[in-house]
Every structure is written in C-alpha cells, then in structure tokens.
$ cat work.txt   # compact mmCIF, C-alpha atoms and all ligand atoms
# COMPACT_ATOMS: atom_id res chain seq x y z
CA PRO A 1 2.89 -18.54 6.75
CA THR A 2 1.85 -21.41 4.48
CA SER A 3 2.88 -24.14 6.90
CA SER A 4 -0.57 -24.68 8.40
CA GLY A 5 -2.27 -25.49 5.09
CA ASP A 6 -2.91 -24.55 1.51
CA SER A 7 -2.99 -20.93 0.45
CA LEU A 8 -5.26 -19.10 -1.94
CA VAL A 9 -3.16 -17.51 -4.66
CA VAL A 10 -4.87 -15.19 -7.12
CA THR A 11 -2.80 -14.12 -10.10
CA ASP A 12 -3.65 -11.59 -12.80
CA LEU A 13 -7.38 -11.98 -12.30
CA ARG A 14 -9.41 -10.27 -14.99
CA VAL A 15 -13.17 -9.95 -15.36
CA GLU A 16 -14.93 -8.05 -18.12
CA PHE A 17 -18.63 -7.30 -18.52
CA SER A 18 -19.35 -6.64 -22.21
CA GLY A 19 -16.05 -4.87 -22.67
CA PHE A 20 -16.10 -3.04 -19.32
CA VAL A 21 -13.07 -4.13 -17.28
CA ALA A 22 -14.39 -4.62 -13.74
CA VAL A 23 -11.25 -6.43 -12.54
CA GLY A 24 -8.17 -5.67 -14.62
CA GLY A 25 -5.35 -7.99 -13.60
CA VAL A 26 -5.52 -8.32 -9.83
CA SER A 27 -3.09 -10.47 -7.83
CA PHE A 28 -3.14 -11.26 -4.13
CA ASP A 29 -2.79 -14.23 -1.84
CA ALA A 30 -4.28 -15.35 1.45
CA HIS A 31 -2.95 -17.86 3.93
CA PRO A 32 -4.37 -19.71 6.88
CA GLY A 33 -3.50 -17.87 10.07
CA GLU A 34 -4.28 -14.35 8.86
CA VAL A 35 -7.40 -12.24 8.49
CA ARG A 36 -6.92 -10.96 4.98
CA PHE A 37 -8.77 -7.88 3.81
CA LEU A 38 -9.70 -6.66 0.36
CA ILE A 39 -10.83 -3.04 0.57
CA GLY A 40 -11.57 -0.22 -1.82
CA PRO A 41 -14.24 2.29 -2.74
CA ASN A 42 -17.56 1.31 -4.22
CA GLY A 43 -17.18 -0.22 -7.66
CA ALA A 44 -13.50 -1.06 -7.11
CA GLY A 45 -14.11 -4.69 -8.11
CA LYS A 46 -14.02 -6.40 -4.70
CA THR A 47 -17.23 -8.42 -5.01
CA THR A 48 -16.40 -9.27 -8.61
CA CYS A 49 -13.12 -10.80 -7.41
CA ILE A 50 -15.03 -13.04 -5.00
CA ASP A 51 -17.59 -13.86 -7.70
CA ALA A 52 -14.76 -14.95 -9.99
CA ILE A 53 -13.09 -17.10 -7.33
CA THR A 54 -16.40 -18.82 -6.53
CA GLY A 55 -17.30 -19.47 -10.17
CA LEU A 56 -20.12 -16.91 -10.43
CA SER A 57 -18.31 -14.66 -12.93
CA ALA A 58 -16.23 -15.82 -15.87
CA ALA A 59 -12.63 -14.71 -15.41
CA THR A 60 -9.17 -15.16 -16.81
CA GLY A 61 -5.93 -15.44 -14.89
CA SER A 62 -5.58 -17.87 -12.06
CA ALA A 63 -7.03 -18.55 -8.60
CA ARG A 64 -5.33 -21.52 -7.00
CA LEU A 65 -6.19 -23.20 -3.74
CA GLY A 66 -3.08 -25.24 -3.07
CA GLU A 67 -2.58 -27.27 -6.22
CA GLN A 68 -6.13 -26.79 -7.49
CA GLU A 69 -7.08 -24.21 -10.09
CA LEU A 70 -10.52 -22.78 -9.27
CA LEU A 71 -11.17 -20.69 -12.38
CA GLY A 72 -13.15 -22.47 -15.06
CA ARG A 73 -14.72 -24.94 -12.65
CA PRO A 74 -18.46 -25.02 -11.96
CA VAL A 75 -19.68 -23.55 -8.67
CA HIS A 76 -20.47 -26.91 -7.05
CA LYS A 77 -16.93 -28.20 -7.71
CA ILE A 78 -15.46 -25.06 -6.18
CA VAL A 79 -17.68 -25.52 -3.12
CA ARG A 80 -16.56 -29.14 -2.91
CA LEU A 81 -12.93 -28.02 -2.91
CA GLY A 82 -13.73 -26.18 0.31
CA VAL A 83 -14.42 -22.64 -0.86
CA GLY A 84 -17.35 -20.96 0.90
CA ARG A 85 -18.69 -17.45 0.77
CA THR A 86 -21.23 -15.17 2.34
CA PHE A 87 -23.19 -12.45 0.59
CA GLN A 88 -23.86 -8.89 1.72
CA THR A 89 -27.42 -9.90 2.51
CA ALA A 90 -27.54 -12.96 4.73
CA SER A 91 -29.05 -15.91 2.86
CA VAL A 92 -30.53 -18.10 5.58
CA PHE A 93 -33.88 -19.86 5.70
CA ASN A 94 -35.86 -17.46 7.90
CA GLU A 95 -38.66 -19.87 8.74
CA LEU A 96 -36.32 -22.65 9.82
CA SER A 97 -34.50 -22.84 13.13
CA VAL A 98 -30.80 -22.17 13.48
CA LEU A 99 -30.24 -25.89 13.88
CA GLN A 100 -32.31 -26.75 10.81
CA ASN A 101 -30.30 -24.23 8.77
CA LEU A 102 -27.09 -25.90 9.94
CA ASP A 103 -28.45 -29.37 9.19
CA ILE A 104 -29.19 -28.29 5.65
CA ALA A 105 -25.77 -26.67 5.29
CA ALA A 106 -24.21 -29.92 6.48
CA GLY A 107 -26.19 -31.82 3.85
CA ARG A 108 -27.76 -33.94 6.56
CA HIS A 109 -31.39 -34.78 6.78
CA ARG A 110 -31.57 -35.51 10.44
CA HIS A 111 -34.82 -33.72 10.98
CA TRP A 112 -35.51 -35.73 14.10
CA ALA A 113 -32.56 -33.93 15.67
CA SER A 114 -33.54 -30.54 14.26
CA LEU A 115 -36.97 -30.81 15.81
CA LEU A 116 -35.58 -31.25 19.29
CA ARG A 117 -35.14 -28.13 21.35
CA THR A 118 -32.18 -29.45 23.26
CA ARG A 119 -28.60 -30.21 22.38
CA ARG A 120 -29.20 -33.95 22.61
CA GLY A 121 -28.70 -35.64 19.26
CA VAL A 122 -27.04 -32.63 17.69
CA ASP A 123 -24.10 -33.54 15.47
CA PRO A 124 -20.77 -32.68 17.17
CA SER A 125 -19.56 -30.63 14.19
CA ILE A 126 -22.77 -28.59 14.33
CA MET A 127 -22.43 -28.17 18.09
CA GLN A 128 -18.89 -26.93 17.56
CA ALA A 129 -19.98 -24.42 14.91
CA LEU A 130 -22.74 -23.17 17.25
CA GLU A 131 -20.27 -22.72 20.07
CA GLU A 132 -17.70 -21.06 17.82
CA THR A 133 -20.23 -18.50 16.60
CA GLY A 134 -21.93 -17.96 19.95
CA LEU A 135 -25.27 -19.31 18.74
CA THR A 136 -25.63 -22.32 21.05
CA ASP A 137 -28.50 -20.76 23.00
CA GLU A 138 -30.32 -19.94 19.75
CA LEU A 139 -30.36 -23.42 18.24
CA ALA A 140 -34.16 -23.63 18.32
CA THR A 141 -34.70 -19.98 17.30
CA PRO A 142 -36.20 -19.35 13.86
CA ALA A 143 -33.44 -17.72 11.82
CA GLY A 144 -35.85 -14.96 10.78
CA ILE A 145 -35.96 -13.49 14.28
CA LEU A 146 -32.21 -13.49 14.88
CA SER A 147 -30.50 -10.12 15.13
CA HIS A 148 -28.73 -8.87 12.03
CA GLY A 149 -25.39 -9.84 13.56
CA GLN A 150 -26.59 -13.30 14.54
CA LYS A 151 -27.76 -13.95 10.97
CA GLN A 152 -24.29 -13.18 9.69
CA TRP A 153 -22.82 -15.49 12.32
CA LEU A 154 -25.26 -18.21 11.29
CA GLU A 155 -24.01 -17.87 7.72
CA ILE A 156 -20.46 -18.27 8.97
CA ALA A 157 -21.54 -21.27 11.08
CA MET A 158 -23.06 -22.79 7.91
CA LEU A 159 -19.67 -22.50 6.20
CA LEU A 160 -17.99 -24.08 9.22
CA VAL A 161 -20.25 -27.15 9.18
CA GLN A 162 -19.56 -27.46 5.46
CA ASP A 163 -15.93 -27.59 6.53
CA ALA A 164 -14.97 -24.73 4.23
CA ARG A 165 -11.22 -24.25 4.08
CA VAL A 166 -11.64 -20.81 2.53
CA LEU A 167 -14.19 -18.29 3.80
CA LEU A 168 -14.84 -15.35 1.49
CA LEU A 169 -16.90 -12.84 3.45
CA ASP A 170 -18.61 -9.94 1.68
CA GLU A 171 -18.97 -7.01 4.09
CA PRO A 172 -19.69 -9.22 7.10
CA VAL A 173 -20.13 -6.34 9.56
CA ALA A 174 -22.32 -4.06 7.44
CA GLY A 175 -25.17 -2.83 9.63
CA MET A 176 -23.74 -4.31 12.82
CA SER A 177 -23.43 -2.53 16.16
CA HIS A 178 -19.99 -1.80 17.57
CA ASP A 179 -20.19 -4.77 19.93
CA GLU A 180 -21.32 -7.09 17.12
CA ARG A 181 -18.39 -5.90 15.01
CA THR A 182 -15.97 -6.64 17.81
CA ALA A 183 -17.48 -10.10 18.33
CA THR A 184 -17.28 -10.74 14.57
CA GLY A 185 -13.65 -9.66 14.37
CA GLU A 186 -12.74 -11.94 17.26
CA LEU A 187 -14.69 -14.78 15.63
CA LEU A 188 -12.78 -14.27 12.36
CA GLN A 189 -9.47 -14.30 14.21
CA ARG A 190 -10.37 -17.66 15.79
CA ILE A 191 -11.59 -19.14 12.51
CA ALA A 192 -8.52 -17.89 10.64
CA ALA A 193 -6.20 -19.92 12.85
CA LYS A 194 -6.92 -22.95 10.70
CA ARG A 195 -8.65 -21.59 7.60
CA ILE A 196 -8.25 -18.93 4.97
CA VAL A 197 -10.36 -15.88 5.76
CA LEU A 198 -10.70 -13.15 3.15
CA VAL A 199 -12.89 -10.20 4.08
CA VAL A 200 -14.26 -7.74 1.54
CA GLU A 201 -14.88 -4.61 3.52
CA HIS A 202 -15.89 -1.00 3.43
CA ASP A 203 -15.60 -0.35 7.13
CA MET A 204 -12.17 1.17 7.74
CA ASP A 205 -12.37 0.97 11.51
CA PHE A 206 -13.10 -2.77 11.36
CA MET A 207 -10.24 -3.24 8.90
CA ARG A 208 -7.81 -1.33 11.16
CA ARG A 209 -8.71 -3.41 14.18
CA PHE A 210 -8.68 -6.88 12.65
CA ALA A 211 -6.73 -7.03 9.39
CA THR A 212 -3.39 -8.76 9.27
CA ARG A 213 -2.73 -7.81 5.63
CA VAL A 214 -4.68 -5.60 3.27
CA THR A 215 -5.01 -5.26 -0.49
CA VAL A 216 -6.57 -2.02 -1.68
CA LEU A 217 -8.42 -2.11 -5.01
CA HIS A 218 -9.31 0.92 -7.07
CA GLN A 219 -10.98 0.84 -10.49
CA GLY A 220 -10.31 -2.86 -10.88
CA LYS A 221 -6.60 -2.68 -10.06
CA VAL A 222 -4.43 -3.17 -6.99
CA LEU A 223 -3.66 0.30 -5.68
CA SER A 224 -1.68 -0.78 -2.64
CA HIS A 225 -1.04 -3.74 -0.39
CA GLY A 226 0.66 -4.47 2.89
CA SER A 227 0.02 -4.23 6.60
CA VAL A 228 -2.69 -1.90 7.91
CA ALA A 229 0.00 0.64 8.80
CA GLU A 230 1.64 0.41 5.38
CA VAL A 231 -1.61 0.78 3.50
CA GLN A 232 -2.78 3.67 5.65
CA ALA A 233 0.52 5.49 5.14
CA ASP A 234 0.37 5.07 1.35
CA PRO A 235 -0.38 8.50 -0.19
CA LYS A 236 -2.17 6.80 -3.12
CA VAL A 237 -4.60 5.20 -0.68
CA GLN A 238 -5.11 8.42 1.23
CA GLU A 239 -5.86 10.19 -2.01
CA VAL A 240 -8.48 7.85 -3.45
CA TYR A 241 -9.93 6.13 -0.45
CA LEU A 242 -9.18 7.59 2.93
CA GLY A 243 -9.88 10.86 1.19
CA THR A 244 -10.00 13.51 3.87
P1 LIG A 301 -17.16 -3.44 -5.29
O1 LIG A 301 -17.51 -4.78 -4.72
O2 LIG A 301 -15.72 -3.07 -5.05
O3 LIG A 301 -18.08 -2.34 -4.83
P2 LIG A 301 -18.01 -4.61 -7.76
O4 LIG A 301 -17.11 -5.77 -7.89
O5 LIG A 301 -19.39 -4.86 -7.25
O6 LIG A 301 -17.31 -3.49 -6.87
O7 LIG A 301 -18.16 -3.88 -9.15
C1 LIG A 301 -17.04 -3.51 -9.93
C2 LIG A 301 -17.51 -2.83 -11.20
O8 LIG A 301 -18.09 -3.81 -12.06
C3 LIG A 301 -18.58 -1.78 -10.96
O9 LIG A 301 -18.35 -0.71 -11.86
C4 LIG A 301 -19.86 -2.51 -11.29
O10 LIG A 301 -20.83 -1.61 -11.76
C5 LIG A 301 -19.41 -3.46 -12.38
N1 LIG A 301 -20.21 -4.70 -12.40
C6 LIG A 301 -20.32 -5.60 -11.40
N2 LIG A 301 -21.10 -6.63 -11.77
C7 LIG A 301 -21.49 -6.36 -13.04
C8 LIG A 301 -22.31 -7.06 -14.00
N3 LIG A 301 -22.89 -8.22 -13.70
N4 LIG A 301 -22.49 -6.48 -15.20
C9 LIG A 301 -21.90 -5.30 -15.51
N5 LIG A 301 -21.12 -4.61 -14.67
C10 LIG A 301 -20.91 -5.13 -13.45
$ encode --input "work.txt" --output "structure tokens" --more "lines below"
Ligand code: ADP
Amino acid sequence: PTSSGDSLVVTDLRVEFSGFVAVGGVSFDAHPGEVRFLIGPNGAGKTTCIDAITGLSAATGSARLGEQELLGRPVHKIVRLGVGRTFQTASVFNELSVLQNLDIAAGRHRHWASLLRTRRGVDPSIMQALEETGLTDELATPAGILSHGQKQWLEIAMLLVQDARVLLLDEPVAGMSHDERTATGELLQRIAAKRIVLVVEHDMDFMRRFATRVTVLHQGKVLSHGSVAEVQADPKVQEVYLGT
C-alpha cells in the first residue's frame, strides 16, 4: 500500500500534561490510498495525537512522514513538509469570500482575481480544489454564510491548495446532515487516492461507511486496530466504546 507515496508512521507516541499521560505509547500508520480512522471515546487521546504530529503538543516517540521525522520540529516546518490539519471548529475567514480564503491558503496575494465574481483569472490549482470540494458555485460567497458542511469543505479545499500530502481531520462531519456526511465521505475517498487521510472521529456510522482501517484508542492507548469488521467484532471495543 505504500507504492503511491510516503506513509505516515507513528511509533510509541507519548504525550504528558504535567504528569498526566494523555497519550501513552501509541503506534499506527497511514498510507495514501486509504481513509484511515482514529476513533475512541471522549478523552481517549485522539486530538492530542494530531496535536503532537502537527507540532502543537510536545511528544516523545516518533512520527515519520517518509524519511522525515516530524516530532521536535516547529509547526511551520511540519506544514512545509506537507502536513495539514483541520480543527473541530472550522477556522475560515468569515468575512472573506471562498476564493479569498483559498488565495490566502495558497499564500498568493492575487486580490485582483479574488475580487472577480467569475472563474476568469482563478488559479488552476484553486479551481481544482473548488471542483473537488463542490464549492465552485460558491467562489464569491462570503465564507461566513456557507453551511456548516460547506465550511468544513472549504477547510479541506484550503489544505488541497496548500498541496498537503497528509490531511489530519478532526471530527470533520460533526454537526453535518446525513447527505453532507455522505458527500464528505466520498470527498475523502477521492482525496485519499493520492494523499494520506487520517480522520479523528466520534461518529460510528460515518466510520463504518468510509473507513478502510481503524485504530481504536482508549485512555491514551491502542485498544484495537484493523478493518471496520475486525474492530467492531473485538469484544474489548464493544465493552468500552460500542457499549450497548
Ligand atoms: P479525545 O480527542 O480523544 O477526546 P484528547 O486528546 O482531547 O481526547 O484528550 C486526551 C486527554 O488529555 C483528556 O483527558 C484531556 O482532558 C487531556 N488533555 C488534553 N489536552 C490537555 C492539556 N492541554 N492539558 C491537560 N490535559 C489535556
């Protein structure tokens, strides 16, 4: 599965907050071509794993993207290596248009193009990201009036124009309608063909429908990992997470 590009390999990841072990030696990997899920109950350490990989939390162990070690590097270097993330709350510029948000994400200052309300003059990579995320018709729309789902897709489009090789998505379908979830899952499947997609998720139904492989965290440790079917059949998972 590694043939189409570098993999993300996390080994013995450990994060402590003043002695409290939030992530206690977690290992998993993610490859281009799969939609990789990290699930687990609240407080399991999922977001902390992503924070560590993106340089926001100090961690020990290893997180390699291909040959590159990510841990210990500053955030901007990790971004430059092609690692992008979204947060649970979409962080877009509400007062700017979709296109202006993408221009900023691309690091371009082509405001003359952003001010136009047509596709003329729009950078091809931005046009492609708009098409990929279904936002082409919204390019002149202020981000603040997008639907909740569209804001999440704009965040993903921003990562695409940054040419992120790794997309770490923190609960991307939280608060979405069923149709928006389906559209998001299909979008992630398309994106994952060429990039690494790791989804931190609560929503079991979304995980069942779109995950290729799953790692289940519980109290900062890997409880189980495997295919959706394997994880769902694991009595340990049923006990702590699937519950009923
Ligand atoms: P999840 O994303 O699986 O819900 P988190 O990674 O957010 O879990 O949190 C894991 C544990 O670490 C929780 O017990 C949380 O309270 C704790 N934690 C997270 N961030 C901090 C922090 N900055 N300081 C102290 N404890 C934290």
$ residues_around --input "work.txt" --residues "Leu187 in chain A" --least-positions-apart "6" --cutoff "10 Å" --atoms "only C-alpha atoms" --output "PyMOL selection string"
chain A and resi 132-134+153+156+181
$ closest_residue --input "work.txt" --among "A:Gln219, A:Gln68, A:Ser97, A:Ser147" --to "ligand LIG 301 (chain A)" --atoms "all atoms listed in the file"
A:Gln219
$ residues_near_ligand --input "work.txt" --ligand "ligand LIG 301 (chain A)" --cutoff "9 Å" --atoms "all atoms listed in the file" --output "PyMOL selection string"
chain A and resi 15-18+20-23+38-51+57+170+200-202+217-220
$ write_last_selection --input "work.txt" --atoms "C-alpha atoms" --output "CSV table (one decimal), in the coordinates of the input"
chain,number,residue,atom,x,y,z
A,15,VAL,CA,-13.2,-10.0,-15.4
A,16,GLU,CA,-14.9,-8.0,-18.1
A,17,PHE,CA,-18.6,-7.3,-18.5
A,18,SER,CA,-19.4,-6.6,-22.2
A,20,PHE,CA,-16.1,-3.0,-19.3
A,21,VAL,CA,-13.1,-4.1,-17.3
A,22,ALA,CA,-14.4,-4.6,-13.7
A,23,VAL,CA,-11.2,-6.4,-12.5
A,38,LEU,CA,-9.7,-6.7,0.4
A,39,ILE,CA,-10.8,-3.0,0.6
A,40,GLY,CA,-11.6,-0.2,-1.8
A,41,PRO,CA,-14.2,2.3,-2.7
A,42,ASN,CA,-17.6,1.3,-4.2
A,43,GLY,CA,-17.2,-0.2,-7.7
A,44,ALA,CA,-13.5,-1.1,-7.1
A,45,GLY,CA,-14.1,-4.7,-8.1
A,46,LYS,CA,-14.0,-6.4,-4.7
A,47,THR,CA,-17.2,-8.4,-5.0
A,48,THR,CA,-16.4,-9.3,-8.6
A,49,CYS,CA,-13.1,-10.8,-7.4
A,50,ILE,CA,-15.0,-13.0,-5.0
A,51,ASP,CA,-17.6,-13.9,-7.7
A,57,SER,CA,-18.3,-14.7,-12.9
A,170,ASP,CA,-18.6,-9.9,1.7
A,200,VAL,CA,-14.3,-7.7,1.5
A,201,GLU,CA,-14.9,-4.6,3.5
A,202,HIS,CA,-15.9,-1.0,3.4
A,217,LEU,CA,-8.4,-2.1,-5.0
A,218,HIS,CA,-9.3,0.9,-7.1
A,219,GLN,CA,-11.0,0.8,-10.5
A,220,GLY,CA,-10.3,-2.9,-10.9
$ residues_around --input "work.txt" --residues "Ser177 in chain A" --least-positions-apart "4" --cutoff "10 Å" --atoms "only C-alpha atoms" --output "PyMOL selection string"
chain A and resi 148-149+173+181-183
$ residues_around --input "work.txt" --residues "Glu69 in chain A" --least-positions-apart "2" --cutoff "12 Å" --atoms "only C-alpha atoms" --output "ChimeraX atom specification"
/A:7-11,53-55,60-67,71-74,77-78,81,83
$ residues_near_point --input "work.txt" --point "(-10.7, -5.5, 16.6)" --cutoff "10 Å" --atoms "only C-alpha atoms" --output "PyMOL selection string"
chain A and resi 181-186+188-189+205-211
$ write_last_selection --input "work.txt" --atoms "C-alpha atoms" --output "mmCIF file, in the frame of the given file"
data_model
loop_
_atom_site.group_PDB
_atom_site.id
_atom_site.type_symbol
_atom_site.label_atom_id
_atom_site.label_comp_id
_atom_site.auth_asym_id
_atom_site.auth_seq_id
_atom_site.Cartn_x
_atom_site.Cartn_y
_atom_site.Cartn_z
ATOM 1 C CA ARG A 181 -18.390 -5.900 15.010
ATOM 2 C CA THR A 182 -15.970 -6.640 17.810
ATOM 3 C CA ALA A 183 -17.480 -10.100 18.330
ATOM 4 C CA THR A 184 -17.280 -10.740 14.570
ATOM 5 C CA GLY A 185 -13.650 -9.660 14.370
ATOM 6 C CA GLU A 186 -12.740 -11.940 17.260
ATOM 7 C CA LEU A 188 -12.780 -14.270 12.360
ATOM 8 C CA GLN A 189 -9.470 -14.300 14.210
ATOM 9 C CA ASP A 205 -12.370 0.970 11.510
ATOM 10 C CA PHE A 206 -13.100 -2.770 11.360
ATOM 11 C CA MET A 207 -10.240 -3.240 8.900
ATOM 12 C CA ARG A 208 -7.810 -1.330 11.160
ATOM 13 C CA ARG A 209 -8.710 -3.410 14.180
ATOM 14 C CA PHE A 210 -8.680 -6.880 12.650
ATOM 15 C CA ALA A 211 -6.730 -7.030 9.390
#
$ closest_residue --input "work.txt" --among "A:Leu146, A:Leu135, A:Val197, A:Asp12" --to "Gly24 in chain A" --atoms "all atoms listed in the file"
A:Asp12
$ closest_residue --input "work.txt" --among "A:Leu168, A:Leu159, A:Val26, A:Leu13" --to "Lys221 in chain A" --atoms "all atoms listed in the file"
A:Val26
$ closest_residue --input "work.txt" --among "A:Asp6, A:Glu171, A:Glu239, A:Glu155" --to "Ala105 in chain A" --atoms "all atoms listed in the file"
A:Glu155
$ build_atoms --input "work.txt" --residues "range 215-232 of chain A" --atoms "N, CA, C and O atoms" --output "PDB file, in the coordinates of the input"
ATOM      1  N   THR A 215      -5.205  -5.654   0.906  1.00  0.00           N
ATOM      2  CA  THR A 215      -5.010  -5.260  -0.490  1.00  0.00           C
ATOM      3  C   THR A 215      -6.077  -4.219  -0.799  1.00  0.00           C
ATOM      4  O   THR A 215      -7.262  -4.434  -0.520  1.00  0.00           O
ATOM      5  N   VAL A 216      -5.646  -3.085  -1.340  1.00  0.00           N
ATOM      6  CA  VAL A 216      -6.570  -2.020  -1.680  1.00  0.00           C
ATOM      7  C   VAL A 216      -6.801  -2.041  -3.191  1.00  0.00           C
ATOM      8  O   VAL A 216      -5.844  -1.963  -3.968  1.00  0.00           O
ATOM      9  N   LEU A 217      -8.064  -2.166  -3.593  1.00  0.00           N
ATOM     10  CA  LEU A 217      -8.420  -2.110  -5.010  1.00  0.00           C
ATOM     11  C   LEU A 217      -8.984  -0.744  -5.343  1.00  0.00           C
ATOM     12  O   LEU A 217      -9.643  -0.110  -4.516  1.00  0.00           O
ATOM     13  N   HIS A 218      -8.729  -0.325  -6.573  1.00  0.00           N
ATOM     14  CA  HIS A 218      -9.310   0.920  -7.070  1.00  0.00           C
ATOM     15  C   HIS A 218      -9.472   0.766  -8.579  1.00  0.00           C
ATOM     16  O   HIS A 218      -8.507   0.449  -9.268  1.00  0.00           O
ATOM     17  N   GLN A 219     -10.679   0.963  -9.055  1.00  0.00           N
ATOM     18  CA  GLN A 219     -10.980   0.840 -10.490  1.00  0.00           C
ATOM     19  C   GLN A 219     -10.427  -0.446 -11.085  1.00  0.00           C
ATOM     20  O   GLN A 219      -9.818  -0.466 -12.149  1.00  0.00           O
ATOM     21  N   GLY A 220     -10.649  -1.537 -10.353  1.00  0.00           N
ATOM     22  CA  GLY A 220     -10.310  -2.860 -10.880  1.00  0.00           C
ATOM     23  C   GLY A 220      -8.842  -3.220 -10.821  1.00  0.00           C
ATOM     24  O   GLY A 220      -8.430  -4.238 -11.364  1.00  0.00           O
ATOM     25  N   LYS A 221      -8.038  -2.393 -10.142  1.00  0.00           N
ATOM     26  CA  LYS A 221      -6.600  -2.680 -10.060  1.00  0.00           C
ATOM     27  C   LYS A 221      -6.134  -2.611  -8.606  1.00  0.00           C
ATOM     28  O   LYS A 221      -6.770  -1.953  -7.777  1.00  0.00           O
ATOM     29  N   VAL A 222      -5.014  -3.269  -8.331  1.00  0.00           N
ATOM     30  CA  VAL A 222      -4.430  -3.170  -6.990  1.00  0.00           C
ATOM     31  C   VAL A 222      -3.745  -1.820  -6.863  1.00  0.00           C
ATOM     32  O   VAL A 222      -2.811  -1.513  -7.614  1.00  0.00           O
ATOM     33  N   LEU A 223      -4.236  -1.030  -5.913  1.00  0.00           N
ATOM     34  CA  LEU A 223      -3.660   0.300  -5.680  1.00  0.00           C
ATOM     35  C   LEU A 223      -2.507   0.202  -4.695  1.00  0.00           C
ATOM     36  O   LEU A 223      -1.499   0.901  -4.808  1.00  0.00           O
ATOM     37  N   SER A 224      -2.667  -0.683  -3.705  1.00  0.00           N
ATOM     38  CA  SER A 224      -1.680  -0.780  -2.640  1.00  0.00           C
ATOM     39  C   SER A 224      -1.885  -2.088  -1.895  1.00  0.00           C
ATOM     40  O   SER A 224      -2.991  -2.634  -1.912  1.00  0.00           O
ATOM     41  N   HIS A 225      -0.845  -2.590  -1.265  1.00  0.00           N
ATOM     42  CA  HIS A 225      -1.040  -3.740  -0.390  1.00  0.00           C
ATOM     43  C   HIS A 225       0.027  -3.767   0.675  1.00  0.00           C
ATOM     44  O   HIS A 225       1.104  -3.188   0.516  1.00  0.00           O
ATOM     45  N   GLY A 226      -0.298  -4.396   1.794  1.00  0.00           N
ATOM     46  CA  GLY A 226       0.660  -4.470   2.890  1.00  0.00           C
ATOM     47  C   GLY A 226      -0.063  -4.580   4.221  1.00  0.00           C
ATOM     48  O   GLY A 226      -1.227  -4.976   4.272  1.00  0.00           O
ATOM     49  N   SER A 227       0.641  -4.226   5.284  1.00  0.00           N
ATOM     50  CA  SER A 227       0.020  -4.230   6.600  1.00  0.00           C
ATOM     51  C   SER A 227      -0.959  -3.054   6.678  1.00  0.00           C
ATOM     52  O   SER A 227      -0.941  -2.156   5.821  1.00  0.00           O
ATOM     53  N   VAL A 228      -1.773  -3.026   7.713  1.00  0.00           N
ATOM     54  CA  VAL A 228      -2.690  -1.900   7.910  1.00  0.00           C
ATOM     55  C   VAL A 228      -1.899  -0.591   7.931  1.00  0.00           C
ATOM     56  O   VAL A 228      -2.256   0.381   7.255  1.00  0.00           O
ATOM     57  N   ALA A 229      -0.799  -0.589   8.680  1.00  0.00           N
ATOM     58  CA  ALA A 229       0.000   0.640   8.800  1.00  0.00           C
ATOM     59  C   ALA A 229       0.566   1.062   7.450  1.00  0.00           C
ATOM     60  O   ALA A 229       0.523   2.239   7.092  1.00  0.00           O
ATOM     61  N   GLU A 230       1.050   0.090   6.693  1.00  0.00           N
ATOM     62  CA  GLU A 230       1.640   0.410   5.380  1.00  0.00           C
ATOM     63  C   GLU A 230       0.598   0.988   4.428  1.00  0.00           C
ATOM     64  O   GLU A 230       0.838   1.970   3.727  1.00  0.00           O
ATOM     65  N   VAL A 231      -0.558   0.343   4.415  1.00  0.00           N
ATOM     66  CA  VAL A 231      -1.610   0.780   3.500  1.00  0.00           C
ATOM     67  C   VAL A 231      -2.125   2.169   3.891  1.00  0.00           C
ATOM     68  O   VAL A 231      -2.348   3.028   3.045  1.00  0.00           O
ATOM     69  N   GLN A 232      -2.263   2.376   5.196  1.00  0.00           N
ATOM     70  CA  GLN A 232      -2.780   3.670   5.650  1.00  0.00           C
ATOM     71  C   GLN A 232      -1.796   4.796   5.378  1.00  0.00           C
ATOM     72  O   GLN A 232      -2.194   5.940   5.173  1.00  0.00           O
TER      73      GLN A 232
END
